[in-house]
file run-v1.pdb (PDB, C-alpha atoms and all ligand atoms)
ATOM      1  CA  MET I  19      21.845  -3.258-124.353  1.00  0.00           C
ATOM      2  CA  LYS I  20      18.928  -1.942-122.333  1.00  0.00           C
ATOM      3  CA  SER I  21      15.361  -3.150-122.772  1.00  0.00           C
ATOM      4  CA  GLN I  22      13.729  -1.636-125.832  1.00  0.00           C
ATOM      5  CA  ARG I  23      10.149  -2.185-124.615  1.00  0.00           C
ATOM      6  CA  THR I  24       7.956   0.592-123.311  1.00  0.00           C
ATOM      7  CA  ARG I  25       4.246   1.343-122.731  1.00  0.00           C
ATOM      8  CA  LEU I  26       2.323   2.960-125.573  1.00  0.00           C
ATOM      9  CA  ASP I  27       1.410   6.073-123.528  1.00  0.00           C
ATOM     10  CA  ARG I  28       5.035   6.575-122.460  1.00  0.00           C
ATOM     11  CA  PHE I  29       6.276   6.065-126.013  1.00  0.00           C
ATOM     12  CA  MET I  30       3.746   8.502-127.519  1.00  0.00           C
ATOM     13  CA  SER I  31       4.302  11.091-124.832  1.00  0.00           C
ATOM     14  CA  ARG I  32       8.024  11.078-125.697  1.00  0.00           C
ATOM     15  CA  GLN I  33       7.321  11.194-129.429  1.00  0.00           C
ATOM     16  CA  LEU I  34       4.788  14.020-129.278  1.00  0.00           C
ATOM     17  CA  GLY I  35       6.409  15.936-126.422  1.00  0.00           C
ATOM     18  CA  ILE I  36       3.191  16.050-124.422  1.00  0.00           C
ATOM     19  CA  LYS I  37       2.183  14.719-120.979  1.00  0.00           C
ATOM     20  CA  ARG I  38       1.355  11.037-120.605  1.00  0.00           C
ATOM     21  CA  GLN I  39      -2.198  11.851-119.353  1.00  0.00           C
ATOM     22  CA  ALA I  40      -2.905  13.610-122.657  1.00  0.00           C
ATOM     23  CA  ILE I  41      -2.287  10.373-124.578  1.00  0.00           C
ATOM     24  CA  ARG I  42      -5.306   8.518-123.119  1.00  0.00           C
ATOM     25  CA  PRO I  43      -7.959  10.589-125.032  1.00  0.00           C
ATOM     26  CA  ILE I  44      -5.884  10.363-128.214  1.00  0.00           C
ATOM     27  CA  ILE I  45      -5.943   6.573-127.912  1.00  0.00           C
ATOM     28  CA  ALA I  46      -9.687   6.633-127.132  1.00  0.00           C
ATOM     29  CA  GLN I  47     -10.259   8.593-130.361  1.00  0.00           C
ATOM     30  CA  GLY I  48      -8.579   5.752-132.310  1.00  0.00           C
ATOM     31  CA  ARG I  49      -5.814   7.987-133.702  1.00  0.00           C
ATOM     32  CA  ILE I  50      -2.937   5.576-133.087  1.00  0.00           C
ATOM     33  CA  VAL I  51      -2.339   2.428-135.142  1.00  0.00           C
ATOM     34  CA  VAL I  52       0.215  -0.166-133.997  1.00  0.00           C
ATOM     35  CA  ASP I  53       1.238  -2.916-136.391  1.00  0.00           C
ATOM     36  CA  GLY I  54      -1.886  -2.375-138.458  1.00  0.00           C
ATOM     37  CA  GLU I  55      -4.367  -2.408-135.546  1.00  0.00           C
ATOM     38  CA  VAL I  56      -6.033   0.624-133.957  1.00  0.00           C
ATOM     39  CA  ALA I  57      -4.572   0.888-130.437  1.00  0.00           C
ATOM     40  CA  CYS I  58      -6.991   0.919-127.510  1.00  0.00           C
ATOM     41  CA  ASP I  59      -4.787   0.211-124.470  1.00  0.00           C
ATOM     42  CA  VAL I  60      -2.439   2.797-122.919  1.00  0.00           C
ATOM     43  CA  GLN I  61      -0.387  -0.068-121.524  1.00  0.00           C
ATOM     44  CA  GLN I  62       0.165  -1.779-124.855  1.00  0.00           C
ATOM     45  CA  SER I  63       3.783  -2.812-125.121  1.00  0.00           C
ATOM     46  CA  ILE I  64       5.819  -1.066-127.834  1.00  0.00           C
ATOM     47  CA  HIS I  65       9.218  -2.314-128.929  1.00  0.00           C
ATOM     48  CA  GLN I  66      11.800  -0.955-131.332  1.00  0.00           C
ATOM     49  CA  PHE I  67      10.267  -2.792-134.299  1.00  0.00           C
ATOM     50  CA  SER I  68       6.603  -1.905-133.632  1.00  0.00           C
ATOM     51  CA  HIS I  69       5.201   0.002-136.595  1.00  0.00           C
ATOM     52  CA  VAL I  70       3.409   3.060-135.189  1.00  0.00           C
ATOM     53  CA  ILE I  71       1.156   5.539-137.017  1.00  0.00           C
ATOM     54  CA  PHE I  72      -0.425   8.637-135.463  1.00  0.00           C
ATOM     55  CA  ASP I  73      -3.004  10.660-137.414  1.00  0.00           C
ATOM     56  CA  GLN I  74      -1.880   8.914-140.637  1.00  0.00           C
ATOM     57  CA  GLN I  75       1.793   9.888-140.020  1.00  0.00           C
ATOM     58  CA  VAL I  76       4.388   7.151-139.541  1.00  0.00           C
ATOM     59  CA  ILE I  77       6.001   7.713-136.128  1.00  0.00           C
ATOM     60  CA  GLN I  78       8.209   4.639-135.988  1.00  0.00           C
ATOM     61  CA  ASN I  79       9.209   2.209-138.717  1.00  0.00           C
ATOM     62  CA  ASN I  80      12.386   0.297-137.830  1.00  0.00           C
ATOM     63  CA  ARG I  81      13.313  -2.898-139.592  1.00  0.00           C
ATOM     64  CA  PRO I  82      15.347  -5.506-137.728  1.00  0.00           C
ATOM     65  CA  ARG I  83      18.721  -5.919-139.438  1.00  0.00           C
ATOM     66  CA  TYR I  84      21.210  -8.794-139.158  1.00  0.00           C
ATOM     67  CA  VAL I  85      24.560  -8.829-140.930  1.00  0.00           C
ATOM     68  CA  MET I  86      27.369 -11.373-141.135  1.00  0.00           C
ATOM     69  CA  LEU I  87      30.866 -10.015-141.769  1.00  0.00           C
ATOM     70  CA  HIS I  88      34.154 -11.778-142.435  1.00  0.00           C
ATOM     71  CA  LYS I  89      36.468  -9.757-140.211  1.00  0.00           C
ATOM     72  CA  PRO I  90      40.011  -9.424-141.522  1.00  0.00           C
ATOM     73  CA  ARG I  91      43.087  -8.765-139.346  1.00  0.00           C
ATOM     74  CA  GLY I  92      43.809  -5.200-138.248  1.00  0.00           C
ATOM     75  CA  VAL I  93      40.207  -4.046-137.855  1.00  0.00           C
ATOM     76  CA  VAL I  94      38.591  -3.012-134.573  1.00  0.00           C
ATOM     77  CA  SER I  95      35.429  -4.732-133.323  1.00  0.00           C
ATOM     78  CA  ALA I  96      33.741  -1.423-132.569  1.00  0.00           C
ATOM     79  CA  THR I  97      31.295   0.846-134.317  1.00  0.00           C
ATOM     80  CA  LYS I  98      33.561   3.949-134.067  1.00  0.00           C
ATOM     81  CA  ASP I  99      37.301   4.378-133.609  1.00  0.00           C
ATOM     82  CA  ASN I 100      39.529   7.424-134.057  1.00  0.00           C
ATOM     83  CA  HIS I 101      42.605   5.506-135.215  1.00  0.00           C
ATOM     84  CA  HIS I 102      41.613   2.289-136.937  1.00  0.00           C
ATOM     85  CA  LYS I 103      39.101   0.960-139.396  1.00  0.00           C
ATOM     86  CA  THR I 104      36.091  -0.611-137.661  1.00  0.00           C
ATOM     87  CA  VAL I 105      33.897  -3.521-138.680  1.00  0.00           C
ATOM     88  CA  VAL I 106      31.100  -1.019-139.382  1.00  0.00           C
ATOM     89  CA  ASP I 107      33.404   0.898-141.773  1.00  0.00           C
ATOM     90  CA  LEU I 108      33.762  -2.351-143.684  1.00  0.00           C
ATOM     91  CA  LEU I 109      30.101  -2.832-144.486  1.00  0.00           C
ATOM     92  CA  ASP I 110      30.044  -3.395-148.183  1.00  0.00           C
ATOM     93  CA  ASP I 111      29.013  -1.139-150.992  1.00  0.00           C
ATOM     94  CA  SER I 112      26.324  -3.727-151.574  1.00  0.00           C
ATOM     95  CA  LEU I 113      25.019  -3.057-148.076  1.00  0.00           C
ATOM     96  CA  ASP I 114      25.329   0.713-148.563  1.00  0.00           C
ATOM     97  CA  ASP I 115      22.233   0.590-150.719  1.00  0.00           C
ATOM     98  CA  LEU I 116      20.362  -1.259-147.999  1.00  0.00           C
ATOM     99  CA  PHE I 117      21.381   0.843-145.003  1.00  0.00           C
ATOM    100  CA  ASP I 118      20.887   4.538-144.583  1.00  0.00           C
ATOM    101  CA  ASN I 119      23.253   6.290-142.134  1.00  0.00           C
ATOM    102  CA  ASN I 120      20.601   6.330-139.459  1.00  0.00           C
ATOM    103  CA  GLU I 121      20.197   2.551-139.644  1.00  0.00           C
ATOM    104  CA  ARG I 122      23.951   2.025-139.715  1.00  0.00           C
ATOM    105  CA  ASP I 123      24.346   4.089-136.533  1.00  0.00           C
ATOM    106  CA  LYS I 124      21.950   1.774-134.716  1.00  0.00           C
ATOM    107  CA  LEU I 125      23.976  -1.369-135.390  1.00  0.00           C
ATOM    108  CA  HIS I 126      25.918  -3.035-132.605  1.00  0.00           C
ATOM    109  CA  ILE I 127      28.257  -6.025-132.539  1.00  0.00           C
ATOM    110  CA  ALA I 128      27.054  -9.362-131.203  1.00  0.00           C
ATOM    111  CA  GLY I 129      30.349 -10.814-129.934  1.00  0.00           C
ATOM    112  CA  ARG I 130      33.647  -9.041-130.534  1.00  0.00           C
ATOM    113  CA  LEU I 131      36.919 -10.347-131.911  1.00  0.00           C
ATOM    114  CA  ASP I 132      40.373  -8.979-131.082  1.00  0.00           C
ATOM    115  CA  PHE I 133      42.140  -6.584-133.479  1.00  0.00           C
ATOM    116  CA  ASN I 134      44.175  -9.383-135.100  1.00  0.00           C
ATOM    117  CA  SER I 135      41.562 -12.134-134.901  1.00  0.00           C
ATOM    118  CA  THR I 136      39.612 -12.975-138.044  1.00  0.00           C
ATOM    119  CA  GLY I 137      36.337 -14.629-138.972  1.00  0.00           C
ATOM    120  CA  LEU I 138      32.650 -14.431-138.231  1.00  0.00           C
ATOM    121  CA  ILE I 139      31.282 -11.198-136.743  1.00  0.00           C
ATOM    122  CA  LEU I 140      27.569 -10.434-136.443  1.00  0.00           C
ATOM    123  CA  LEU I 141      26.063  -6.953-136.450  1.00  0.00           C
ATOM    124  CA  THR I 142      22.468  -6.146-135.660  1.00  0.00           C
ATOM    125  CA  ASN I 143      20.096  -3.457-134.430  1.00  0.00           C
ATOM    126  CA  ASP I 144      18.085  -6.103-132.550  1.00  0.00           C
ATOM    127  CA  GLY I 145      19.151  -5.969-128.901  1.00  0.00           C
ATOM    128  CA  ARG I 146      16.887  -8.824-127.934  1.00  0.00           C
ATOM    129  CA  TRP I 147      18.523 -11.163-130.448  1.00  0.00           C
ATOM    130  CA  SER I 148      22.085 -10.251-129.412  1.00  0.00           C
ATOM    131  CA  ARG I 149      21.178 -10.641-125.722  1.00  0.00           C
ATOM    132  CA  GLN I 150      19.849 -14.116-126.434  1.00  0.00           C
ATOM    133  CA  LEU I 151      23.077 -14.969-128.235  1.00  0.00           C
ATOM    134  CA  SER I 152      25.218 -13.972-125.261  1.00  0.00           C
ATOM    135  CA  SER I 153      22.902 -15.325-122.549  1.00  0.00           C
ATOM    136  CA  PRO I 154      24.585 -18.205-120.667  1.00  0.00           C
ATOM    137  CA  ARG I 155      21.160 -19.872-120.488  1.00  0.00           C
ATOM    138  CA  ASN I 156      21.180 -20.446-124.252  1.00  0.00           C
ATOM    139  CA  ASN I 157      24.623 -22.065-124.244  1.00  0.00           C
ATOM    140  CA  ILE I 158      25.562 -20.752-127.677  1.00  0.00           C
ATOM    141  CA  VAL I 159      28.844 -22.341-128.718  1.00  0.00           C
ATOM    142  CA  LYS I 160      31.451 -20.327-130.641  1.00  0.00           C
ATOM    143  CA  ARG I 161      33.962 -22.317-132.658  1.00  0.00           C
ATOM    144  CA  TYR I 162      37.496 -21.055-133.358  1.00  0.00           C
ATOM    145  CA  ARG I 163      40.444 -22.369-135.364  1.00  0.00           C
ATOM    146  CA  VAL I 164      43.634 -21.556-133.498  1.00  0.00           C
ATOM    147  CA  GLU I 165      47.165 -21.801-134.848  1.00  0.00           C
ATOM    148  CA  LEU I 166      49.924 -21.940-132.240  1.00  0.00           C
ATOM    149  CA  GLU I 167      53.611 -21.289-131.982  1.00  0.00           C
ATOM    150  CA  LYS I 168      54.407 -24.600-130.225  1.00  0.00           C
ATOM    151  CA  PRO I 169      53.032 -28.122-130.605  1.00  0.00           C
ATOM    152  CA  LEU I 170      49.908 -29.230-128.767  1.00  0.00           C
ATOM    153  CA  ASP I 171      49.391 -32.293-126.602  1.00  0.00           C
ATOM    154  CA  GLU I 172      46.682 -33.994-124.536  1.00  0.00           C
ATOM    155  CA  ARG I 173      47.263 -31.761-121.485  1.00  0.00           C
ATOM    156  CA  TYR I 174      45.569 -28.892-123.304  1.00  0.00           C
ATOM    157  CA  ILE I 175      42.364 -30.902-123.794  1.00  0.00           C
ATOM    158  CA  PHE I 176      42.118 -31.618-120.097  1.00  0.00           C
ATOM    159  CA  ALA I 177      42.992 -28.055-118.987  1.00  0.00           C
ATOM    160  CA  PHE I 178      40.406 -26.498-121.323  1.00  0.00           C
ATOM    161  CA  SER I 179      37.659 -28.921-120.282  1.00  0.00           C
ATOM    162  CA  LYS I 180      38.346 -28.373-116.588  1.00  0.00           C
ATOM    163  CA  GLY I 181      38.157 -24.560-116.879  1.00  0.00           C
ATOM    164  CA  MET I 182      40.881 -22.108-115.856  1.00  0.00           C
ATOM    165  CA  TYR I 183      40.866 -19.636-113.014  1.00  0.00           C
ATOM    166  CA  PHE I 184      41.299 -16.052-114.231  1.00  0.00           C
ATOM    167  CA  ASP I 185      42.753 -14.070-111.387  1.00  0.00           C
ATOM    168  CA  TYR I 186      41.870 -10.641-112.732  1.00  0.00           C
ATOM    169  CA  GLU I 187      38.116 -11.358-112.977  1.00  0.00           C
ATOM    170  CA  GLY I 188      38.122 -13.882-110.115  1.00  0.00           C
ATOM    171  CA  ILE I 189      36.236 -16.452-112.227  1.00  0.00           C
ATOM    172  CA  THR I 190      36.791 -19.952-113.550  1.00  0.00           C
ATOM    173  CA  THR I 191      36.117 -20.314-117.249  1.00  0.00           C
ATOM    174  CA  GLN I 192      33.278 -22.591-118.360  1.00  0.00           C
ATOM    175  CA  PRO I 193      34.312 -26.029-119.564  1.00  0.00           C
ATOM    176  CA  ALA I 194      35.624 -25.648-123.120  1.00  0.00           C
ATOM    177  CA  GLN I 195      36.252 -28.280-125.736  1.00  0.00           C
ATOM    178  CA  LEU I 196      39.575 -28.414-127.548  1.00  0.00           C
ATOM    179  CA  GLU I 197      40.267 -30.667-130.522  1.00  0.00           C
ATOM    180  CA  ILE I 198      43.787 -31.174-131.820  1.00  0.00           C
ATOM    181  CA  ILE I 199      43.633 -30.907-135.605  1.00  0.00           C
ATOM    182  CA  SER I 200      47.393 -31.115-136.260  1.00  0.00           C
ATOM    183  CA  SER I 201      50.585 -30.493-134.268  1.00  0.00           C
ATOM    184  CA  HIS I 202      50.105 -26.687-134.178  1.00  0.00           C
ATOM    185  CA  VAL I 203      46.407 -26.289-135.001  1.00  0.00           C
ATOM    186  CA  SER I 204      43.376 -26.805-132.764  1.00  0.00           C
ATOM    187  CA  GLU I 205      39.670 -26.085-132.789  1.00  0.00           C
ATOM    188  CA  VAL I 206      38.263 -24.562-129.625  1.00  0.00           C
ATOM    189  CA  TYR I 207      34.574 -24.455-128.637  1.00  0.00           C
ATOM    190  CA  LEU I 208      33.618 -21.746-126.122  1.00  0.00           C
ATOM    191  CA  THR I 209      30.262 -20.878-124.574  1.00  0.00           C
ATOM    192  CA  GLU I 210      31.438 -17.498-123.241  1.00  0.00           C
ATOM    193  CA  GLY I 211      33.605 -14.614-124.380  1.00  0.00           C
ATOM    194  CA  ARG I 212      36.007 -13.381-121.712  1.00  0.00           C
ATOM    195  CA  TYR I 213      38.574 -10.738-122.579  1.00  0.00           C
ATOM    196  CA  HIS I 214      41.337 -12.362-124.743  1.00  0.00           C
ATOM    197  CA  GLN I 215      40.032 -15.683-123.459  1.00  0.00           C
ATOM    198  CA  ILE I 216      41.661 -18.055-125.923  1.00  0.00           C
ATOM    199  CA  LYS I 217      45.016 -16.260-125.894  1.00  0.00           C
ATOM    200  CA  ARG I 218      45.050 -16.287-122.106  1.00  0.00           C
ATOM    201  CA  MET I 219      44.138 -19.981-121.969  1.00  0.00           C
ATOM    202  CA  PHE I 220      46.990 -20.942-124.287  1.00  0.00           C
ATOM    203  CA  GLY I 221      49.165 -18.449-122.407  1.00  0.00           C
ATOM    204  CA  ARG I 222      49.001 -20.833-119.418  1.00  0.00           C
ATOM    205  CA  PHE I 223      51.148 -23.158-121.523  1.00  0.00           C
ATOM    206  CA  GLN I 224      53.398 -20.294-122.686  1.00  0.00           C
ATOM    207  CA  ASN I 225      52.130 -21.109-126.154  1.00  0.00           C
ATOM    208  CA  GLU I 226      51.507 -18.048-128.288  1.00  0.00           C
ATOM    209  CA  VAL I 227      48.443 -17.829-130.525  1.00  0.00           C
ATOM    210  CA  LEU I 228      49.592 -16.980-134.054  1.00  0.00           C
ATOM    211  CA  GLU I 229      46.200 -17.061-135.805  1.00  0.00           C
ATOM    212  CA  LEU I 230      42.721 -16.984-134.315  1.00  0.00           C
ATOM    213  CA  HIS I 231      39.758 -17.387-136.619  1.00  0.00           C
ATOM    214  CA  ARG I 232      36.064 -17.687-135.643  1.00  0.00           C
ATOM    215  CA  LEU I 233      34.339 -20.314-137.763  1.00  0.00           C
ATOM    216  CA  SER I 234      30.853 -20.275-136.288  1.00  0.00           C
ATOM    217  CA  ILE I 235      28.441 -18.905-133.695  1.00  0.00           C
ATOM    218  CA  GLY I 236      25.784 -21.388-132.630  1.00  0.00           C
ATOM    219  CA  ALA I 237      24.477 -23.162-135.733  1.00  0.00           C
ATOM    220  CA  LEU I 238      25.633 -20.349-138.038  1.00  0.00           C
ATOM    221  CA  ASN I 239      28.882 -20.854-139.983  1.00  0.00           C
ATOM    222  CA  LEU I 240      30.883 -18.111-141.628  1.00  0.00           C
ATOM    223  CA  ASP I 241      29.774 -18.133-145.284  1.00  0.00           C
ATOM    224  CA  PRO I 242      32.732 -19.510-147.289  1.00  0.00           C
ATOM    225  CA  GLN I 243      31.711 -17.218-150.192  1.00  0.00           C
ATOM    226  CA  LEU I 244      32.564 -14.152-148.077  1.00  0.00           C
ATOM    227  CA  SER I 245      36.176 -13.111-148.501  1.00  0.00           C
ATOM    228  CA  PRO I 246      37.838 -11.121-145.679  1.00  0.00           C
ATOM    229  CA  GLY I 247      36.226  -7.691-145.304  1.00  0.00           C
ATOM    230  CA  LYS I 248      32.983  -8.710-147.042  1.00  0.00           C
ATOM    231  CA  SER I 249      29.534  -8.909-145.504  1.00  0.00           C
ATOM    232  CA  ARG I 250      25.982  -9.886-146.293  1.00  0.00           C
ATOM    233  CA  GLU I 251      22.601  -9.796-144.603  1.00  0.00           C
ATOM    234  CA  LEU I 252      21.404 -12.945-142.870  1.00  0.00           C
ATOM    235  CA  GLN I 253      18.437 -14.820-144.229  1.00  0.00           C
ATOM    236  CA  GLN I 254      15.470 -15.160-141.887  1.00  0.00           C
ATOM    237  CA  ARG I 255      16.097 -18.879-141.424  1.00  0.00           C
ATOM    238  CA  GLU I 256      19.668 -18.050-140.287  1.00  0.00           C
ATOM    239  CA  VAL I 257      18.423 -15.461-137.774  1.00  0.00           C
ATOM    240  CA  THR I 258      16.290 -18.061-136.023  1.00  0.00           C
ATOM    241  CA  GLY I 259      18.356 -21.136-136.901  1.00  0.00           C
ATOM    242  CA  ILE I 260      21.457 -19.818-135.088  1.00  0.00           C
ATOM    243  CA  PHE I 261      19.840 -20.958-131.811  1.00  0.00           C
ATOM    244  CA  ASP I 262      19.300 -24.461-133.114  1.00  0.00           C
ATOM    245  CA  THR I 263      21.628 -26.456-130.887  1.00  0.00           C
ATOM    246  CA  GLY I 264      20.193 -29.774-132.024  1.00  0.00           C
ATOM    247  CA  LYS I 265      18.880 -30.566-128.520  1.00  0.00           C
TER     248      LYS I 265
HETATM  249  N1  LIG H 301      39.649 -15.200-127.630  1.00  0.00           N
HETATM  250  C1  LIG H 301      40.678 -14.349-127.863  1.00  0.00           C
HETATM  251  O1  LIG H 301      41.698 -14.394-127.191  1.00  0.00           O
HETATM  252  N2  LIG H 301      40.520 -13.455-128.873  1.00  0.00           N
HETATM  253  C2  LIG H 301      39.434 -13.390-129.654  1.00  0.00           C
HETATM  254  O2  LIG H 301      39.375 -12.565-130.565  1.00  0.00           O
HETATM  255  C3  LIG H 301      38.371 -14.276-129.394  1.00  0.00           C
HETATM  256  C4  LIG H 301      38.497 -15.185-128.379  1.00  0.00           C
END
call {"tool": "encode", "arguments": {"input": "run-v1.pdb", "output": "structure tokens"}}
result
Amino acid sequence: MKSQRTRLDRFMSRQLGIKRQAIRPIIAQGRIVVDGEVACDVQQSIHQFSHVIFDQQVIQNNRPRYVMLHKPRGVVSATKDNHHKTVVDLLDDSLDDLFDNNERDKLHIAGRLDFNSTGLILLTNDGRWSRQLSSPRNNIVKRYRVELEKPLDERYIFAFSKGMYFDYEGITTQPAQLEIISSHVSEVYLTEGRYHQIKRMFGRFQNEVLELHRLSIGALNLDPQLSPGKSRELQQREVTGIFDTGK
């Protein structure tokens, strides 16, 4: 997700299809209003959610959108796919009223799940928010319930906490916590999202993952009221509270 910030003169020159130098007098004449204030600086920073008016016409008016979806099995974590239903296809009728097609096209997924994995998926048009969620600096923990073909034992806890070397990427996974819930069920806490990470980690023990379900991302739990395939918008306190690691 590239940076969505740009200078006011660059932004307006793109919007109006005129040279950047021509924007300076327009600003001096007080014809541009950004977030309710008359703009006076060509270098003012504009982002995707700045509200911009030029000569009383709205030029940009994007609302930040944040959606939680309960992903069922057999759905692709993508916005478009030629063969399978995607998580975006699943956005509820209830959300249909809230999203026009243009807004829906701007959504992206903050943290994918495999085709047969289930649980919490987040969609947003706010690239800054999703970058913060995936930034290693923020140490956002994702919690999964994993059901396995064979019984678990203490060796798994040690191997997950130590990290595993993935030959293909040439990296060692970050320390991960594994809790044994019952003989064939564990909860796994990851701070990263490598390709098929959990399946590959259990694969080291030749133990096949039968069910993989994401319970939470950071401080945000999957809403138990959402049945598989259903979604809802996040409340503002959830959008900010997801980063609340309790530290
Ligand atoms: N690890 C996996 O192997 N699959 C997922 O969907 C998520 C984490």
call {"tool": "atom_distance", "arguments": {"input": "run-v1.pdb", "atom1": "atom CA of Gly137 of chain I", "atom2": "atom CA of Gln150 of chain I"}}
result
20.7 Å
call {"tool": "residues_around", "arguments": {"input": "run-v1.pdb", "residues": "Phe261 of chain I", "least_positions_apart": "4", "cutoff": "12 Å", "atoms": "all atoms listed in the file", "output": "PDB file with C-alpha atoms, in the coordinates of the input"}}
result
ATOM      1  CA  TRP I 147      18.523 -11.163-130.448  1.00  0.00           C
ATOM      2  CA  SER I 148      22.085 -10.251-129.412  1.00  0.00           C
ATOM      3  CA  GLN I 150      19.849 -14.116-126.434  1.00  0.00           C
ATOM      4  CA  LEU I 151      23.077 -14.969-128.235  1.00  0.00           C
ATOM      5  CA  SER I 152      25.218 -13.972-125.261  1.00  0.00           C
ATOM      6  CA  SER I 153      22.902 -15.325-122.549  1.00  0.00           C
ATOM      7  CA  ARG I 155      21.160 -19.872-120.488  1.00  0.00           C
ATOM      8  CA  ASN I 156      21.180 -20.446-124.252  1.00  0.00           C
ATOM      9  CA  ASN I 157      24.623 -22.065-124.244  1.00  0.00           C
ATOM     10  CA  ILE I 158      25.562 -20.752-127.677  1.00  0.00           C
ATOM     11  CA  VAL I 159      28.844 -22.341-128.718  1.00  0.00           C
ATOM     12  CA  LYS I 160      31.451 -20.327-130.641  1.00  0.00           C
ATOM     13  CA  SER I 234      30.853 -20.275-136.288  1.00  0.00           C
ATOM     14  CA  ILE I 235      28.441 -18.905-133.695  1.00  0.00           C
ATOM     15  CA  GLY I 236      25.784 -21.388-132.630  1.00  0.00           C
ATOM     16  CA  ALA I 237      24.477 -23.162-135.733  1.00  0.00           C
ATOM     17  CA  LEU I 238      25.633 -20.349-138.038  1.00  0.00           C
ATOM     18  CA  ARG I 255      16.097 -18.879-141.424  1.00  0.00           C
ATOM     19  CA  GLU I 256      19.668 -18.050-140.287  1.00  0.00           C
ATOM     20  CA  VAL I 257      18.423 -15.461-137.774  1.00  0.00           C
ATOM     21  CA  LYS I 265      18.880 -30.566-128.520  1.00  0.00           C
TER      22      LYS I 265
END
call {"tool": "resolve_selection", "arguments": {"input": "run-v1.pdb", "expression": "the PyMOL selection byres (((not hetatm)) within 10 of (chain H and resi 301))", "output": "count of residues only"}}
result
33
call {"tool": "resolve_selection", "arguments": {"input": "run-v1.pdb", "expression": "the PyMOL selection byres (((chain I and resi 53) around 8) and not hetatm)", "output": "JSON, numbers by chain"}}
result
{"I": [51, 52, 54, 55, 68, 69, 70]}
call {"tool": "resolve_selection", "arguments": {"input": "run-v1.pdb", "expression": "the PyMOL selection byres (((chain I and resi 71-81) around 10) and not hetatm)", "output": "mmCIF file with C-alpha atoms, in the coordinates of the input"}}
result
data_model
loop_
_atom_site.group_PDB
_atom_site.id
_atom_site.type_symbol
_atom_site.label_atom_id
_atom_site.label_comp_id
_atom_site.auth_asym_id
_atom_site.auth_seq_id
_atom_site.Cartn_x
_atom_site.Cartn_y
_atom_site.Cartn_z
ATOM 1 C CA MET I 30 3.746 8.502 -127.519
ATOM 2 C CA GLN I 33 7.321 11.194 -129.429
ATOM 3 C CA LEU I 34 4.788 14.020 -129.278
ATOM 4 C CA ILE I 44 -5.884 10.363 -128.214
ATOM 5 C CA ILE I 45 -5.943 6.573 -127.912
ATOM 6 C CA GLY I 48 -8.579 5.752 -132.310
ATOM 7 C CA ARG I 49 -5.814 7.987 -133.702
ATOM 8 C CA ILE I 50 -2.937 5.576 -133.087
ATOM 9 C CA VAL I 51 -2.339 2.428 -135.142
ATOM 10 C CA VAL I 52 0.215 -0.166 -133.997
ATOM 11 C CA ASP I 53 1.238 -2.916 -136.391
ATOM 12 C CA GLY I 54 -1.886 -2.375 -138.458
ATOM 13 C CA GLU I 55 -4.367 -2.408 -135.546
ATOM 14 C CA VAL I 56 -6.033 0.624 -133.957
ATOM 15 C CA ALA I 57 -4.572 0.888 -130.437
ATOM 16 C CA HIS I 65 9.218 -2.314 -128.929
ATOM 17 C CA GLN I 66 11.800 -0.955 -131.332
ATOM 18 C CA PHE I 67 10.267 -2.792 -134.299
ATOM 19 C CA SER I 68 6.603 -1.905 -133.632
ATOM 20 C CA HIS I 69 5.201 0.002 -136.595
ATOM 21 C CA VAL I 70 3.409 3.060 -135.189
ATOM 22 C CA PRO I 82 15.347 -5.506 -137.728
ATOM 23 C CA ARG I 83 18.721 -5.919 -139.438
ATOM 24 C CA TYR I 84 21.210 -8.794 -139.158
ATOM 25 C CA GLU I 121 20.197 2.551 -139.644
ATOM 26 C CA ASN I 143 20.096 -3.457 -134.430
ATOM 27 C CA ASP I 144 18.085 -6.103 -132.550
#
call {"tool": "atom_distance", "arguments": {"input": "run-v1.pdb", "atom1": "atom CA of Val60 of chain I", "atom2": "atom CA of Ile41 of chain I"}}
result
7.8 Å
call {"tool": "axis_aligned_box", "arguments": {"input": "run-v1.pdb", "around": "segment 69-73 of chain I", "padding_each_side": "4 Å", "output": "AutoDock Vina command-line options"}}
result
--center_x 1.1 --center_y 5.3 --center_z -136.3 --size_x 16.2 --size_y 18.7 --size_z 10.2
call {"tool": "closest_residue", "arguments": {"input": "run-v1.pdb", "among": "I:Leu196, I:Ala46, I:Val93, I:Val105", "to": "Ser179 of chain I", "atoms": "only C-alpha atoms"}}
result
I:Leu196
call {"tool": "atom_distance", "arguments": {"input": "run-v1.pdb", "atom1": "atom CA of Leu87 of chain I", "atom2": "atom CA of Leu228 of chain I"}}
result
21.4 Å
call {"tool": "closest_residue", "arguments": {"input": "run-v1.pdb", "among": "I:Ser245, I:Gln47, I:Gln253, I:Thr263", "to": "Pro90 of chain I", "atoms": "all atoms listed in the file"}}
result
I:Ser245
call {"tool": "residues_around", "arguments": {"input": "run-v1.pdb", "residues": "Phe223 of chain I", "least_positions_apart": "5", "cutoff": "10 Å", "atoms": "only C-alpha atoms", "output": "list in words"}}
result
Lys168, Leu170, Arg173, Tyr174, Ala177 and Arg218 of chain I
